[in-house]
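For reference, entry-v2.cif is printed below; it contains mmCIF, C-alpha atoms and all ligand atoms.
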data_run
#
loop_
_atom_site.label_atom_id
_atom_site.label_comp_id
_atom_site.auth_asym_id
_atom_site.auth_seq_id
_atom_site.Cartn_x
_atom_site.Cartn_y
_atom_site.Cartn_z
CA MET A 253 100.95 185.78 132.67
CA LYS A 254 101.47 185.09 128.96
CA THR A 255 102.71 187.98 126.87
CA ILE A 256 101.05 188.92 123.57
CA LYS A 257 103.47 190.33 121.02
CA VAL A 258 102.57 192.74 118.26
CA GLY A 259 104.53 193.60 115.11
CA VAL A 260 103.69 196.71 113.09
CA LEU A 261 104.30 196.89 109.34
CA GLY A 262 104.40 200.54 108.22
CA PHE A 263 105.59 203.41 110.43
CA GLY A 264 103.76 206.24 108.71
CA THR A 265 101.07 208.50 110.14
CA VAL A 266 98.71 205.80 111.39
CA GLY A 267 101.64 203.54 112.33
CA SER A 268 103.02 206.34 114.52
CA GLY A 269 99.65 206.70 116.25
CA VAL A 270 99.43 202.96 116.89
CA VAL A 271 102.99 202.85 118.23
CA ARG A 272 102.24 205.81 120.48
CA LEU A 273 99.14 204.13 121.93
CA LEU A 274 100.88 200.78 122.40
CA LEU A 275 103.85 202.38 124.16
CA GLU A 276 102.13 205.10 126.17
CA LYS A 277 99.08 203.04 127.15
CA ARG A 278 100.77 199.68 127.61
CA GLU A 279 99.79 199.47 131.25
CA MET A 280 96.16 200.45 130.68
CA LEU A 281 95.80 198.11 127.71
CA SER A 282 97.49 195.23 129.54
CA ARG A 283 95.18 195.80 132.52
CA ARG A 284 92.14 195.72 130.27
CA LEU A 285 93.45 192.57 128.63
CA GLY A 286 94.71 190.86 131.79
CA THR A 287 97.88 189.98 129.86
CA ASP A 288 100.98 191.95 128.97
CA LEU A 289 100.57 193.48 125.50
CA VAL A 290 103.98 194.19 124.03
CA LEU A 291 105.01 196.12 120.93
CA ALA A 292 107.74 193.78 119.72
CA ARG A 293 108.86 195.19 116.34
CA ILE A 294 108.14 197.95 113.82
CA ALA A 295 109.12 197.59 110.16
CA ASP A 296 109.45 200.43 107.70
CA GLN A 297 111.74 200.92 104.72
CA ASP A 298 112.53 204.47 105.79
CA LEU A 299 113.70 204.60 109.38
CA GLU A 300 115.33 208.01 109.16
CA ARG A 301 112.44 210.42 108.63
CA PRO A 302 111.25 212.26 111.72
CA ARG A 303 108.20 210.86 113.47
CA PRO A 304 105.89 212.20 116.17
CA VAL A 305 106.83 209.35 118.51
CA THR A 306 110.20 208.18 119.82
CA VAL A 307 110.86 204.46 119.97
CA PRO A 308 113.80 202.37 121.18
CA ARG A 309 116.05 201.77 118.18
CA GLU A 310 116.08 198.01 118.70
CA LEU A 311 112.36 197.85 117.92
CA LEU A 312 112.95 199.15 114.40
CA THR A 313 113.78 197.15 111.30
CA PRO A 314 113.73 198.01 107.60
CA ARG A 315 112.57 194.43 106.75
CA ALA A 316 108.95 193.29 106.99
CA GLN A 317 110.32 189.75 106.96
CA ASP A 318 111.80 190.26 110.43
CA ILE A 319 108.24 190.49 111.73
CA LEU A 320 106.70 187.85 109.47
CA ASP A 321 109.49 185.34 110.33
CA ASP A 322 109.42 185.96 114.08
CA PRO A 323 107.61 183.02 115.69
CA GLU A 324 107.10 185.04 118.87
CA ILE A 325 104.91 187.65 117.18
CA ASP A 326 101.23 186.81 117.61
CA ILE A 327 99.57 189.77 115.86
CA VAL A 328 100.76 191.55 112.71
CA VAL A 329 99.41 195.04 112.05
CA GLU A 330 99.46 195.95 108.35
CA LEU A 331 99.59 199.72 107.88
CA ILE A 332 101.45 199.92 104.59
CA GLY A 333 98.38 200.63 102.46
CA GLY A 334 97.97 199.86 98.75
CA LEU A 335 97.56 196.40 97.24
CA ASP A 336 101.16 195.25 96.90
CA PRO A 337 103.15 194.17 98.84
CA ALA A 338 100.48 194.46 101.56
CA ARG A 339 98.56 191.47 100.15
CA ASP A 340 101.66 189.24 100.13
CA TYR A 341 102.61 190.27 103.64
CA MET A 342 99.13 189.50 104.91
CA LEU A 343 99.02 186.11 103.21
CA THR A 344 102.44 185.26 104.63
CA ALA A 345 101.41 186.35 108.13
CA ILE A 346 98.24 184.23 107.88
CA ASP A 347 100.20 181.27 106.56
CA ARG A 348 102.46 181.50 109.59
CA GLY A 349 99.48 181.38 111.91
CA LYS A 350 99.54 185.05 112.89
CA HIS A 351 96.45 187.15 113.42
CA VAL A 352 96.26 190.29 111.32
CA VAL A 353 94.94 193.80 111.87
CA THR A 354 94.65 196.09 108.87
CA ALA A 355 93.38 199.56 107.99
CA ASN A 356 93.60 198.78 104.29
CA LYS A 357 90.15 199.21 102.72
CA ALA A 358 91.42 199.02 99.15
CA LEU A 359 93.08 195.67 99.83
CA LEU A 360 89.97 194.31 101.54
CA ALA A 361 87.65 195.54 98.80
CA HIS A 362 89.82 193.99 96.06
CA HIS A 363 91.21 190.86 97.75
CA GLY A 364 89.20 190.52 100.97
CA ASN A 365 87.44 187.29 99.99
CA GLU A 366 90.77 185.60 99.29
CA LEU A 367 92.36 186.93 102.48
CA LEU A 368 89.40 186.02 104.68
CA ALA A 369 89.21 182.52 103.19
CA ALA A 370 92.93 182.03 103.84
CA ALA A 371 92.53 183.24 107.42
CA THR A 372 89.53 180.98 108.06
CA ALA A 373 91.38 177.97 106.64
CA LYS A 374 94.30 178.69 108.93
CA GLY A 375 92.15 179.42 112.01
CA VAL A 376 93.42 182.97 112.40
CA GLU A 377 91.59 186.29 112.40
CA ILE A 378 91.65 189.43 110.27
CA ALA A 379 90.35 192.57 111.96
CA PHE A 380 89.70 195.83 110.14
CA GLU A 381 87.88 198.38 112.30
CA ALA A 382 90.21 201.10 111.00
CA ALA A 383 89.37 200.40 107.36
CA VAL A 384 86.06 202.30 107.48
CA CYS A 385 85.56 205.71 109.09
CA GLY A 386 88.74 205.76 111.22
CA GLY A 387 87.75 206.43 114.80
CA ILE A 388 84.05 205.55 114.40
CA PRO A 389 83.40 201.98 115.64
CA ILE A 390 81.09 201.10 112.74
CA ILE A 391 82.54 197.63 112.08
CA VAL A 392 81.96 196.37 115.60
CA ALA A 393 78.51 197.98 115.53
CA LEU A 394 77.50 196.02 112.42
CA ARG A 395 79.37 192.85 113.34
CA GLN A 396 78.13 192.59 116.91
CA GLY A 397 76.01 195.42 118.24
CA LEU A 398 73.38 195.11 115.51
CA ALA A 399 73.54 191.33 115.08
CA ALA A 400 69.80 191.00 115.81
CA ASN A 401 68.86 193.37 112.99
CA ARG A 402 68.18 193.17 109.31
CA ILE A 403 69.86 196.32 108.03
CA GLN A 404 67.18 198.01 105.94
CA GLU A 405 69.23 200.93 104.70
CA LEU A 406 72.56 202.60 105.29
CA PHE A 407 73.80 206.03 104.22
CA GLY A 408 77.41 206.99 104.77
CA ILE A 409 79.59 210.06 104.50
CA LEU A 410 82.68 207.89 104.39
CA ASN A 411 85.30 210.17 102.89
CA GLY A 412 86.49 213.21 104.82
CA THR A 413 88.32 214.72 101.87
CA CYS A 414 85.17 214.83 99.75
CA ASN A 415 83.06 216.08 102.61
CA PHE A 416 85.57 218.86 103.29
CA ILE A 417 85.56 219.89 99.61
CA LEU A 418 81.75 219.86 99.41
CA THR A 419 81.47 221.87 102.61
CA GLN A 420 83.85 224.51 101.26
CA MET A 421 81.92 224.68 97.99
CA SER A 422 78.55 224.84 99.68
CA GLN A 423 79.35 227.26 102.51
CA HIS A 424 81.84 229.53 100.77
CA GLY A 425 80.76 229.29 97.14
CA MET A 426 84.20 227.97 96.12
CA SER A 427 84.83 226.20 92.84
CA TYR A 428 85.76 222.52 92.97
CA ALA A 429 89.40 223.39 92.10
CA GLN A 430 89.64 226.00 94.87
CA ALA A 431 88.11 223.66 97.44
CA LEU A 432 90.43 220.82 96.40
CA ALA A 433 93.45 223.13 96.80
CA GLU A 434 92.20 223.98 100.33
CA ALA A 435 91.81 220.28 101.11
CA GLN A 436 95.36 219.65 99.93
CA ALA A 437 96.71 222.59 101.94
CA ALA A 438 94.90 221.29 105.04
CA GLY A 439 96.49 217.86 104.55
CA TYR A 440 93.23 216.02 103.81
CA ALA A 441 93.66 215.42 100.08
CA GLU A 442 96.61 213.63 98.51
CA ALA A 443 98.66 215.23 95.73
CA ASP A 444 96.82 212.78 93.45
CA PRO A 445 93.30 212.94 94.89
CA THR A 446 91.72 210.50 92.42
CA LEU A 447 90.89 207.72 94.88
CA ASP A 448 89.05 210.13 97.15
CA VAL A 449 87.34 212.54 94.76
CA GLU A 450 86.20 209.95 92.24
CA GLY A 451 84.35 208.09 94.98
CA ILE A 452 86.61 205.03 94.82
CA ASP A 453 87.67 205.16 98.48
CA THR A 454 84.00 205.51 99.45
CA ALA A 455 83.16 202.49 97.27
CA HIS A 456 85.89 200.44 98.98
CA LYS A 457 84.34 201.29 102.34
CA LEU A 458 80.78 200.64 101.19
CA THR A 459 81.91 197.23 99.90
CA ILE A 460 83.01 196.34 103.43
CA LEU A 461 79.90 197.78 105.10
CA MET A 462 77.58 195.93 102.73
CA SER A 463 79.29 192.62 103.44
CA LEU A 464 78.84 193.19 107.14
CA ALA A 465 75.27 194.43 106.79
CA TYR A 466 74.15 191.53 104.62
CA GLY A 467 76.53 188.74 105.66
CA ALA A 468 77.73 188.32 102.10
CA ARG A 469 80.94 188.21 100.06
CA LEU A 470 82.76 191.44 99.35
CA ASP A 471 81.69 192.69 95.92
CA LEU A 472 83.33 195.94 94.83
CA GLU A 473 82.16 195.49 91.24
CA ALA A 474 78.53 195.68 92.34
CA ILE A 475 78.80 199.31 93.36
CA ALA A 476 77.86 202.11 90.96
CA VAL A 477 80.29 204.98 91.57
CA GLU A 478 80.30 208.70 90.70
CA GLY A 479 82.66 211.16 92.33
CA ILE A 480 82.56 214.89 92.95
CA SER A 481 85.22 216.20 90.57
CA ARG A 482 82.77 217.51 87.96
CA LEU A 483 80.51 219.34 90.40
CA ASP A 484 79.58 222.91 89.55
CA PRO A 485 79.12 225.22 92.57
CA LEU A 486 75.95 226.41 90.86
CA ASP A 487 74.29 223.09 91.71
CA LEU A 488 75.25 223.36 95.36
CA GLN A 489 73.68 226.82 95.41
CA PHE A 490 70.47 225.64 93.70
CA ALA A 491 70.37 222.64 96.04
CA ARG A 492 70.44 225.13 98.93
CA GLU A 493 67.61 227.14 97.38
CA PHE A 494 65.48 223.99 97.32
CA GLY A 495 66.40 223.26 100.96
CA TYR A 496 69.02 220.59 100.32
CA ARG A 497 72.73 220.02 100.89
CA LEU A 498 74.84 218.04 98.43
CA LYS A 499 76.81 215.19 100.01
CA LEU A 500 78.84 212.32 98.58
CA LEU A 501 76.81 209.45 99.98
CA ALA A 502 77.44 205.74 100.05
CA ILE A 503 73.98 204.19 99.90
CA THR A 504 72.69 200.69 100.32
CA ARG A 505 69.07 199.72 100.79
CA ASP A 506 67.52 196.28 101.08
CA ASP A 507 64.04 195.89 99.59
CA GLY A 508 63.88 192.32 100.88
CA HIS A 509 64.78 190.94 97.48
CA ARG A 510 67.54 193.07 95.96
CA VAL A 511 69.93 195.63 97.42
CA GLU A 512 70.99 199.02 96.14
CA ALA A 513 74.74 199.63 96.01
CA ARG A 514 75.73 203.14 94.99
CA VAL A 515 78.10 206.02 95.67
CA HIS A 516 77.29 209.42 94.20
CA PRO A 517 76.69 213.07 95.05
CA THR A 518 73.23 213.17 96.62
CA LEU A 519 70.84 215.90 97.70
CA VAL A 520 69.91 215.51 101.36
CA PRO A 521 67.28 217.69 103.10
CA LYS A 522 68.99 220.42 105.10
CA GLY A 523 67.19 219.33 108.26
CA HIS A 524 68.51 215.78 108.07
CA MET A 525 71.35 214.91 110.45
CA LEU A 526 73.64 213.95 107.57
CA SER A 527 73.36 217.50 106.24
CA GLN A 528 74.92 218.73 109.48
CA VAL A 529 78.04 216.59 108.94
CA ASN A 530 80.53 219.14 107.69
CA GLY A 531 84.23 219.56 107.08
CA ALA A 532 86.28 216.38 107.16
CA MET A 533 83.91 214.57 109.52
CA ASN A 534 82.37 211.18 108.67
CA ALA A 535 79.00 209.70 109.59
CA VAL A 536 76.95 206.59 109.03
CA TYR A 537 73.17 206.71 109.31
CA LEU A 538 71.50 203.32 109.21
CA THR A 539 68.22 201.69 110.05
CA GLY A 540 67.97 198.28 111.66
CA ASP A 541 64.56 196.62 111.63
CA ALA A 542 64.70 196.16 115.41
CA ALA A 543 66.97 198.99 116.59
CA GLY A 544 65.50 201.64 114.29
CA PRO A 545 67.60 204.58 113.10
CA ILE A 546 71.17 205.02 114.35
CA LEU A 547 73.70 207.77 113.61
CA LEU A 548 77.41 207.29 114.15
CA TYR A 549 79.49 210.44 113.73
CA GLY A 550 83.20 211.13 114.15
CA GLN A 551 86.64 211.53 112.66
CA GLY A 552 87.12 209.20 109.75
CA ALA A 553 90.84 209.69 109.28
CA GLY A 554 93.94 211.06 110.95
CA MET A 555 96.67 209.63 113.12
CA MET A 556 95.00 209.12 116.48
CA PRO A 557 91.37 208.37 115.44
CA THR A 558 92.58 205.67 113.05
CA ALA A 559 95.10 204.37 115.60
CA SER A 560 92.26 204.15 118.12
CA ALA A 561 90.45 201.73 115.80
CA VAL A 562 93.60 199.70 115.08
CA VAL A 563 94.40 199.29 118.76
CA SER A 564 90.81 198.28 119.55
CA ASP A 565 91.28 195.47 117.05
CA ILE A 566 94.62 194.48 118.56
CA LEU A 567 92.98 194.27 121.96
CA ASP A 568 90.07 192.27 120.60
CA LEU A 569 92.35 189.75 118.91
CA ALA A 570 94.55 189.58 121.99
CA ARG A 571 91.46 188.84 124.11
CA ASN A 572 90.50 186.01 121.78
CA LEU A 573 94.07 184.71 121.90
CA THR A 574 94.18 184.65 125.67
CA HIS A 575 90.96 182.61 125.70
CA GLY A 576 91.77 180.36 122.75
CA ALA A 577 88.71 181.82 121.04
CA ALA A 578 90.03 182.96 117.66
CA GLY A 579 87.19 183.26 115.16
CA ARG A 580 84.47 183.39 117.81
CA VAL A 581 82.89 186.28 115.89
CA PRO A 582 83.37 185.79 112.12
CA PRO A 583 85.09 188.74 110.40
CA LEU A 584 82.00 189.60 108.34
CA GLY A 585 79.69 188.86 111.27
CA CYS A 586 78.22 185.79 109.58
CA ARG A 587 79.70 182.29 109.51
CA LEU A 588 78.53 181.70 105.95
CA ALA A 589 79.29 185.16 104.54
CA LEU A 590 81.96 184.07 102.06
CA GLU A 591 79.55 181.57 100.51
CA SER A 592 76.73 184.04 100.14
CA THR A 593 76.01 186.81 97.61
CA ARG A 594 73.29 189.43 97.45
CA LEU A 595 71.27 190.25 94.39
CA ILE A 596 72.14 193.81 93.38
CA LYS A 597 69.50 196.15 91.98
CA PRO A 598 70.79 197.55 88.66
CA MET A 599 70.93 201.35 88.60
CA ASN A 600 68.38 201.41 85.78
CA ASP A 601 65.80 199.91 88.16
CA LEU A 602 66.45 202.45 90.89
CA VAL A 603 63.38 204.49 91.81
CA THR A 604 64.22 207.80 93.41
CA ASN A 605 63.79 211.58 93.18
CA TYR A 606 65.92 213.71 90.92
CA TYR A 607 67.36 217.17 90.66
CA PHE A 608 67.67 218.27 87.01
CA ARG A 609 69.34 221.40 85.65
CA PHE A 610 68.92 222.42 82.03
CA ALA A 611 70.57 225.31 80.22
CA ALA A 612 67.66 226.51 78.08
CA LEU A 613 66.85 229.44 75.87
CA ASP A 614 64.59 231.92 77.62
CA ARG A 615 61.72 231.71 75.14
CA PRO A 616 58.01 231.05 75.43
CA GLY A 617 57.18 227.35 75.30
CA VAL A 618 60.59 226.00 76.33
CA LEU A 619 59.43 224.81 79.73
CA SER A 620 56.45 223.07 78.17
CA GLN A 621 58.71 221.22 75.72
CA VAL A 622 60.90 220.05 78.59
CA SER A 623 57.99 219.09 80.83
CA GLY A 624 56.26 217.41 77.88
CA ILE A 625 59.17 214.99 77.54
CA LEU A 626 59.28 214.39 81.29
CA GLY A 627 55.53 213.71 81.21
CA LYS A 628 56.01 211.20 78.41
CA TYR A 629 58.29 209.22 80.74
CA ALA A 630 55.89 209.57 83.69
CA ILE A 631 58.25 211.90 85.53
CA SER A 632 56.31 214.36 87.63
CA ILE A 633 57.82 217.72 88.64
CA ALA A 634 57.67 218.55 92.36
CA ALA A 635 59.29 222.01 92.16
CA VAL A 636 60.94 224.22 89.55
CA ILE A 637 63.08 227.36 89.55
CA GLN A 638 64.01 229.39 86.50
CA LYS A 639 66.74 231.97 86.89
CA GLY A 640 67.14 235.34 85.13
CA ARG A 641 68.85 235.90 81.80
CA VAL A 642 72.25 236.95 83.12
CA GLN A 643 73.11 233.58 84.61
CA GLY A 644 73.42 231.14 81.75
CA GLU A 645 76.04 230.67 79.06
CA ALA A 646 75.40 231.55 75.42
CA GLY A 647 72.07 233.22 76.04
CA THR A 648 70.68 230.35 78.08
CA VAL A 649 69.14 230.41 81.52
CA PRO A 650 69.20 227.63 84.08
CA ILE A 651 65.96 225.74 84.65
CA VAL A 652 66.22 223.65 87.79
CA MET A 653 63.74 220.98 88.82
CA ILE A 654 63.06 218.57 91.62
CA THR A 655 61.04 215.53 90.59
CA HIS A 656 58.76 213.08 92.29
CA GLU A 657 59.88 209.46 92.23
CA ALA A 658 60.97 208.17 88.87
CA ARG A 659 62.73 205.13 87.52
CA GLU A 660 66.37 205.82 86.66
CA ALA A 661 66.09 204.27 83.19
CA ASP A 662 63.20 206.65 82.43
CA ALA A 663 65.03 209.66 83.86
CA LEU A 664 68.10 208.97 81.70
CA GLN A 665 66.02 208.41 78.58
CA ALA A 666 64.06 211.63 79.18
CA LEU A 667 67.27 213.62 79.69
CA LYS A 668 68.69 212.21 76.46
CA GLU A 669 65.61 213.41 74.61
CA ILE A 670 65.66 216.82 76.27
CA ASP A 671 69.33 217.21 75.35
CA ARG A 672 68.28 216.87 71.69
CA LEU A 673 65.91 219.85 71.87
CA THR A 674 67.26 222.82 69.90
CA VAL A 675 66.25 225.16 72.75
CA VAL A 676 68.46 223.34 75.28
CA SER A 677 72.27 223.30 75.54
CA PRO A 678 73.36 219.80 76.55
CA PRO A 679 74.27 218.08 78.72
CA ALA A 680 71.50 218.22 81.30
CA ILE A 681 72.83 217.91 84.84
CA PHE A 682 71.18 215.47 87.21
CA TYR A 683 71.63 214.38 90.80
CA ARG A 684 69.69 211.93 92.91
CA ILE A 685 67.82 212.99 96.03
CA GLU A 686 67.19 211.13 99.29
CA ASP A 687 64.22 212.86 100.88
CA PRO A 688 61.59 211.13 103.02
CA HIS A 689 59.12 213.91 102.22
CA LEU A 690 59.39 213.17 98.52
CA HIS A 691 59.27 209.37 98.64
CA ALA A 692 58.14 206.68 100.99
CA ALA A 693 61.51 205.15 101.99
CA GLN A 694 62.89 206.71 105.13
CA ILE A 695 66.30 208.33 105.31
N1 LIG B 701 91.27 209.48 102.43
C1 LIG B 701 90.24 209.13 103.35
C2 LIG B 701 89.34 210.31 103.61
C3 LIG B 701 90.76 208.69 104.68
O1 LIG B 701 89.57 211.40 103.09
O2 LIG B 701 88.37 210.14 104.33
C4 LIG B 701 91.26 207.29 104.67
O3 LIG B 701 90.23 206.40 104.42
#

Written as structure tokens, that's how I'd like the structure from this file.
Amino acid sequence: MKTIKVGVLGFGTVGSGVVRLLLEKREMLSRRLGTDLVLARIADQDLERPRPVTVPRELLTPRAQDILDDPEIDIVVELIGGLDPARDYMLTAIDRGKHVVTANKALLAHHGNELLAAATAKGVEIAFEAAVCGGIPIIVALRQGLAANRIQELFGILNGTCNFILTQMSQHGMSYAQALAEAQAAGYAEADPTLDVEGIDTAHKLTILMSLAYGARLDLEAIAVEGISRLDPLDLQFAREFGYRLKLLAITRDDGHRVEARVHPTLVPKGHMLSQVNGAMNAVYLTGDAAGPILLYGQGAGMMPTASAVVSDILDLARNLTHGAAGRVPPLGCRLALESTRLIKPMNDLVTNYYFRFAALDRPGVLSQVSGILGKYAISIAAVIQKGRVQGEAGTVPIVMITHEAREADALQALKEIDRLTVVSPPAIFYRIEDPHLHAAQI
């Protein structure tokens, strides 16, 4: 029986989980594979810090090169994170004919086309189940399980840190700063939380999901991104009053001609399944034209859920290796993906429902001035709440509205005009809504 050898670059949290699974489940994995699956080497610059798993000393090396140069190693697992030196290591591994598993969504979103082209040219595979939603098998679902479908729309809660913060703000009335501090104390948010809270990590993941959904090149630049760091708890409370929850959603929708590509805080009806996804949990809700709606829910980060995804990739590549079938399923699910692009719908052309909040003077005629401007831009109000005098700043009161469908360019222009009214304190706050009861597209 041939042995398949694995080298792991990066012995951090996820690396420790992968090492634990490979060591503790070697027999089970080898039985499933029909071939001995061996953890051959682990590289990390810091070999001294304590880890949750004990490994034979001879497996450890401080040099990535010891893995990249070892002709016996068949599969390299990149768990270093970041762009450099991870990109160089992956290119070197590919060049040496090794198959690669990675959890690195940032690297894939920025350099995935280059890496995938290099792998294809060399006849090796790159697998990345762990790059999106940790333990949720969303990549294999899009790449294989849903291969017969045109993906009509996909909504994702792809970042546990943001979802934890929003849950704390919504359920406990915390400020953004308080909720972020809780997320940091719980170990979800980094000391510098920018990548998570500004929606960048979610955009990296949506980039990958869109490529799989549409069989097209990775295109991070196409995605419009807004994070959660400027959210006021007031808006989460008003959203609740209207029967919504505020979630950071990754959204893509295919109208048959162009696709939406956006990440932003979004109002979701409280009865929708995505509204029930709380704390640090992740979920993807998508609709395939044949399969219909599907919800995948689970842990999107953490040592063992992410390691579960990494090891599933290792097994998959090892299976292909034992059958000489590398590349049987293309990494983006479509043989021609790297040659294909999708036409992106500019945000200005988006047609959706909006939540607006204005800080307005509590005087007769103010609402009619505001609604007059909205009317001028063909924006119809579906519901409105005006709060009492104590709530606003500088003598203003909040006026909160939900609109029927409007074009984004019109909504922005109307808000600009409203902000110029002397009876309104700018800036107006707005969020987009995904609600099947308000517009025809189904969520
Ligand atoms: N930082 C990410 C999150 C996990 O909070 O979901 C890794 O992708």

**Q.** Test item: residues lying within 6 Å of ligand LIG 701 (chain B) with all atoms listed in the file, as a list in words
**A.** Asn411, Gly412, Thr413, Tyr440, Asp448, Gly552 and Ala553 of chain A

Hey, can you spit out that residue selection with C-alpha atoms as a CSV table (one decimal), in the frame of the given file?
chain,number,residue,atom,x,y,z
A,411,ASN,CA,85.3,210.2,102.9
A,412,GLY,CA,86.5,213.2,104.8
A,413,THR,CA,88.3,214.7,101.9
A,440,TYR,CA,93.2,216.0,103.8
A,448,ASP,CA,89.0,210.1,97.2
A,552,GLY,CA,87.1,209.2,109.8
A,553,ALA,CA,90.8,209.7,109.3

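Interatomic distance, atom CA of Ser564 of chain A against atom CA of Asn356 of chain A: 15.5 Å.
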
Q: Determine the nearest neighbour of Leu498 of chain A from the options A:Asn401, A:Thr604, A:Gln423, A:Gln621, counting only C-alpha atoms.
A: A:Gln423

Let me have the centre and edge lengths of the axis-aligned box enclosing all listed atoms of segment 317-331 of chain A with 5 Å padding on every side, in Å to one decimal, as lines of an AutoDock Vina configuration file.
center_x = 105.6
center_y = 191.4
center_z = 112.9
size_x = 22.4
size_y = 26.7
size_z = 21.9

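Considering the residues A:Lys257, A:Arg278, A:His575, A:Lys457 and counting all atoms listed in the file, Ala292 of chain A has its shortest atom-to-atom contact with A:Lys257.
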
**Q.** segment 623-640 of chain A environment, 12 Å, all atoms listed in the file, sequence neighbours closer than 2 positions dropped, as a ChimeraX atom specification
**A.** /A:486,490-491,493-495,603-615,617-621,642-645,647-673,689-691

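In this structure, atom CA of Gly544 of chain A sits 15.7 Å away from atom CA of Ile390 of chain A.
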
Dump of segment 585-603 of chain A from preceding block, N, CA and C atoms, as a PDB file, in the first residue's frame:
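File written: part_18.pdb
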ATOM      1  N   GLY A 585     -14.867  24.387  -9.796  1.00  0.00           N
ATOM      2  CA  GLY A 585     -16.040  23.617 -10.223  1.00  0.00           C
ATOM      3  C   GLY A 585     -16.320  23.696 -11.706  1.00  0.00           C
ATOM      4  N   CYS A 586     -15.513  24.451 -12.443  1.00  0.00           N
ATOM      5  CA  CYS A 586     -15.789  24.660 -13.865  1.00  0.00           C
ATOM      6  C   CYS A 586     -14.449  24.680 -14.599  1.00  0.00           C
ATOM      7  N   ARG A 587     -14.328  23.867 -15.612  1.00  0.00           N
ATOM      8  CA  ARG A 587     -13.046  23.732 -16.329  1.00  0.00           C
ATOM      9  C   ARG A 587     -12.579  25.071 -16.893  1.00  0.00           C
ATOM     10  N   LEU A 588     -13.529  25.907 -17.294  1.00  0.00           N
ATOM     11  CA  LEU A 588     -13.151  27.154 -17.967  1.00  0.00           C
ATOM     12  C   LEU A 588     -13.229  28.373 -17.059  1.00  0.00           C
ATOM     13  N   ALA A 589     -13.331  28.140 -15.748  1.00  0.00           N
ATOM     14  CA  ALA A 589     -13.586  29.267 -14.832  1.00  0.00           C
ATOM     15  C   ALA A 589     -12.567  30.397 -14.972  1.00  0.00           C
ATOM     16  N   LEU A 590     -11.292  30.052 -15.066  1.00  0.00           N
ATOM     17  CA  LEU A 590     -10.274  31.113 -15.055  1.00  0.00           C
ATOM     18  C   LEU A 590     -10.319  31.965 -16.319  1.00  0.00           C
ATOM     19  N   GLU A 591     -11.003  31.468 -17.343  1.00  0.00           N
ATOM     20  CA  GLU A 591     -11.120  32.260 -18.582  1.00  0.00           C
ATOM     21  C   GLU A 591     -12.393  33.087 -18.617  1.00  0.00           C
ATOM     22  N   SER A 592     -13.230  32.901 -17.613  1.00  0.00           N
ATOM     23  CA  SER A 592     -14.560  33.512 -17.691  1.00  0.00           C
ATOM     24  C   SER A 592     -14.762  34.590 -16.618  1.00  0.00           C
ATOM     25  N   THR A 593     -15.477  35.650 -16.972  1.00  0.00           N
ATOM     26  CA  THR A 593     -15.812  36.691 -15.994  1.00  0.00           C
ATOM     27  C   THR A 593     -17.324  36.866 -15.975  1.00  0.00           C
ATOM     28  N   ARG A 594     -17.841  37.458 -14.930  1.00  0.00           N
ATOM     29  CA  ARG A 594     -19.272  37.761 -14.884  1.00  0.00           C
ATOM     30  C   ARG A 594     -19.450  39.268 -14.876  1.00  0.00           C
ATOM     31  N   LEU A 595     -20.498  39.694 -15.544  1.00  0.00           N
ATOM     32  CA  LEU A 595     -20.803  41.121 -15.572  1.00  0.00           C
ATOM     33  C   LEU A 595     -21.412  41.498 -14.216  1.00  0.00           C
ATOM     34  N   ILE A 596     -20.807  42.469 -13.565  1.00  0.00           N
ATOM     35  CA  ILE A 596     -21.257  42.858 -12.223  1.00  0.00           C
ATOM     36  C   ILE A 596     -22.241  44.022 -12.323  1.00  0.00           C
ATOM     37  N   LYS A 597     -23.304  43.945 -11.554  1.00  0.00           N
ATOM     38  CA  LYS A 597     -24.279  45.048 -11.538  1.00  0.00           C
ATOM     39  C   LYS A 597     -23.719  46.160 -10.651  1.00  0.00           C
ATOM     40  N   PRO A 598     -23.544  47.367 -11.182  1.00  0.00           N
ATOM     41  CA  PRO A 598     -23.036  48.457 -10.321  1.00  0.00           C
ATOM     42  C   PRO A 598     -24.041  48.747  -9.207  1.00  0.00           C
ATOM     43  N   MET A 599     -23.541  49.160  -8.055  1.00  0.00           N
ATOM     44  CA  MET A 599     -24.427  49.414  -6.910  1.00  0.00           C
ATOM     45  C   MET A 599     -25.500  50.437  -7.259  1.00  0.00           C
ATOM     46  N   ASN A 600     -25.182  51.398  -8.086  1.00  0.00           N
ATOM     47  CA  ASN A 600     -26.176  52.413  -8.455  1.00  0.00           C
ATOM     48  C   ASN A 600     -27.402  51.810  -9.134  1.00  0.00           C
ATOM     49  N   ASP A 601     -27.225  50.666  -9.781  1.00  0.00           N
ATOM     50  CA  ASP A 601     -28.346  50.026 -10.486  1.00  0.00           C
ATOM     51  C   ASP A 601     -29.129  49.061  -9.601  1.00  0.00           C
ATOM     52  N   LEU A 602     -28.641  48.856  -8.397  1.00  0.00           N
ATOM     53  CA  LEU A 602     -29.327  47.936  -7.487  1.00  0.00           C
ATOM     54  C   LEU A 602     -30.744  48.429  -7.221  1.00  0.00           C
ATOM     55  N   VAL A 603     -31.687  47.507  -7.222  1.00  0.00           N
ATOM     56  CA  VAL A 603     -33.067  47.855  -6.864  1.00  0.00           C
ATOM     57  C   VAL A 603     -33.421  47.047  -5.628  1.00  0.00           C
TER      58      VAL A 603
END
